[in-house]
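Accompanying notes for the structure given below.
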Amino acid sequence: MALRSFAEGALFAEVLGDGPPRILALHGWGRRGADFKPSLEGLPALALDLPGFGATPAPQEVIGANGYARIVSEILSEFDGPPVLIGHSFGGRVALCLADLFPDGVGPMVLTGVPLVRLRPPAPPSTSYRAIRLLHRLGLVSDTLLEERRRKSGSADYRAVTGVMRDILVKAVNETYEEQLAAVRAPMTLLWGAADTDVPLAVARRAVEVREAAGLPVRLEVLDNVGHLLPTQAPDALRHLVIEVTS
């Protein structure tokens, strides 16, 4: 497994297996392509470091999953034919958008732990946070105090990033993908951990409903006692499924 640059240094990916790659793997938020080594070792794959993670530089502007997909599309020229797409969590959002934007450029999809749909409206910011934000706009609260309040209110992912990557995270978590689910014609398999509390199984079931209502190919496989980080927690199950859809 070797890290190589692509698209004139704009993208970096782990190169696995021998010969022309047939699989493109996209990791979750805060992770990197090396997450797929246990499941893809020896298979002809590129496991990308998404922009802003690992060795790949961050985007220059605030973009969502569609913007990421357009950047990732630069690597499709490395494949002799449409690659099998593997997407975990945020990487699955990018994979779905890639398949929507470039339908002839990708093959079957395997998605794990992807926040594809929103089961309920996002919770509004607390009253106290909104008050501090207003006071900051009025010049009555310092940048430091506002940042401290943001870090207390935000998720672990939010606290771990700054600058453009924080703004990208905020944009991404407010996106939903029913439209793409109902449009992408590539066969789709959802591989889910039954114990995933970050993106619960109900999300996968709702995504299946959207696909079935649109008459599009989809199936759901559930792994007991597996949580959100399925590529590292259940690599053998993921590998078996990837080999199945690749052959």
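Numbering starts fresh at 1 for the residues of each chain in the structure tokens, the chains themselves are lettered A, B, ... in the order given, and ligands are numbered from 1 as they appear.
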Pick out the residues sitting within 9 Å of Leu229 of chain A, and hand them over as an MDAnalysis selection string; count only C-alpha atoms, and ignore anything fewer than 3 positions along from it in its own chain. chainID A and resid 28 88:89 112:113 193 196 226 232:234
Just list the residues in segment 41-143 of chain A DSSP gives strand (DSSP E) on the backbone, as a compact mmCIF listing (two decimals) with N, CA and C atoms, in the first residue's frame.
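What ended up in selection-v7.txt:
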# COMPACT_ATOMS: atom_id res chain seq x y z
N ALA A 45 -7.40 -1.14 -5.98
CA ALA A 45 -8.21 -0.03 -5.46
C ALA A 45 -7.38 1.22 -5.24
N LEU A 46 -8.07 2.35 -5.30
CA LEU A 46 -7.53 3.62 -4.83
C LEU A 46 -8.38 4.06 -3.64
N ALA A 47 -7.74 4.23 -2.49
CA ALA A 47 -8.43 4.69 -1.28
C ALA A 47 -8.01 6.14 -1.05
N LEU A 48 -8.89 7.03 -1.42
CA LEU A 48 -8.57 8.46 -1.49
C LEU A 48 -8.50 9.09 -0.10
N ASP A 49 -7.57 10.02 0.07
CA ASP A 49 -7.64 10.99 1.17
C ASP A 49 -8.49 12.15 0.64
N VAL A 84 -16.09 0.50 -9.06
CA VAL A 84 -16.96 0.26 -7.91
C VAL A 84 -16.68 1.36 -6.89
N LEU A 85 -17.73 1.97 -6.37
CA LEU A 85 -17.59 3.06 -5.40
C LEU A 85 -17.89 2.54 -4.00
N ILE A 86 -16.97 2.77 -3.07
CA ILE A 86 -17.21 2.48 -1.67
C ILE A 86 -17.21 3.81 -0.93
N GLY A 87 -18.24 4.06 -0.15
CA GLY A 87 -18.30 5.31 0.60
C GLY A 87 -18.72 5.07 2.03
N HIS A 88 -17.89 5.54 2.96
CA HIS A 88 -18.23 5.45 4.38
C HIS A 88 -18.57 6.83 4.92
N MET A 109 -22.34 0.68 -6.21
CA MET A 109 -21.97 1.42 -5.02
C MET A 109 -22.18 0.56 -3.77
N VAL A 110 -21.24 0.70 -2.83
CA VAL A 110 -21.38 0.11 -1.49
C VAL A 110 -21.24 1.24 -0.49
N LEU A 111 -22.30 1.51 0.26
CA LEU A 111 -22.31 2.62 1.20
C LEU A 111 -22.47 2.10 2.62
N THR A 112 -21.68 2.64 3.55
CA THR A 112 -21.74 2.21 4.94
C THR A 112 -21.83 3.42 5.87
Among segment 21-236 of chain A, which residues does DSSP mark as helix (DSSP H, G or I) when it is run on the backbone? Keep the chain and numbering as in the structure and answer as a ChimeraX atom specification. /A:33-40,65-78,90-101,127-137,143-153,156-160,163-173,178-181,201-213,230-233,235-236
Report, in Å with one decimal, the straight-line distance from atom CA of Arg31 of chain A to atom CA of Leu43 of chain A.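 Rounded to one decimal, the two atoms are 20.5 Å apart.
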Excluding segment 162-177 of chain A and its own-chain neighbours fewer than 3 positions away, which residues fall within 7 Å of it when counting only C-alpha atoms? Please give them as an MDAnalysis selection string. chainID A and resid 52 61:65 116:118 158 180:181
Leaving out Pro231 of chain A and any residue of its chain fewer than 2 positions from it, which residues lie within 9 Å of it when counting only C-alpha atoms, given as an MDAnalysis selection string? chainID A and resid 27 35:39 88 112 228:229 233:239
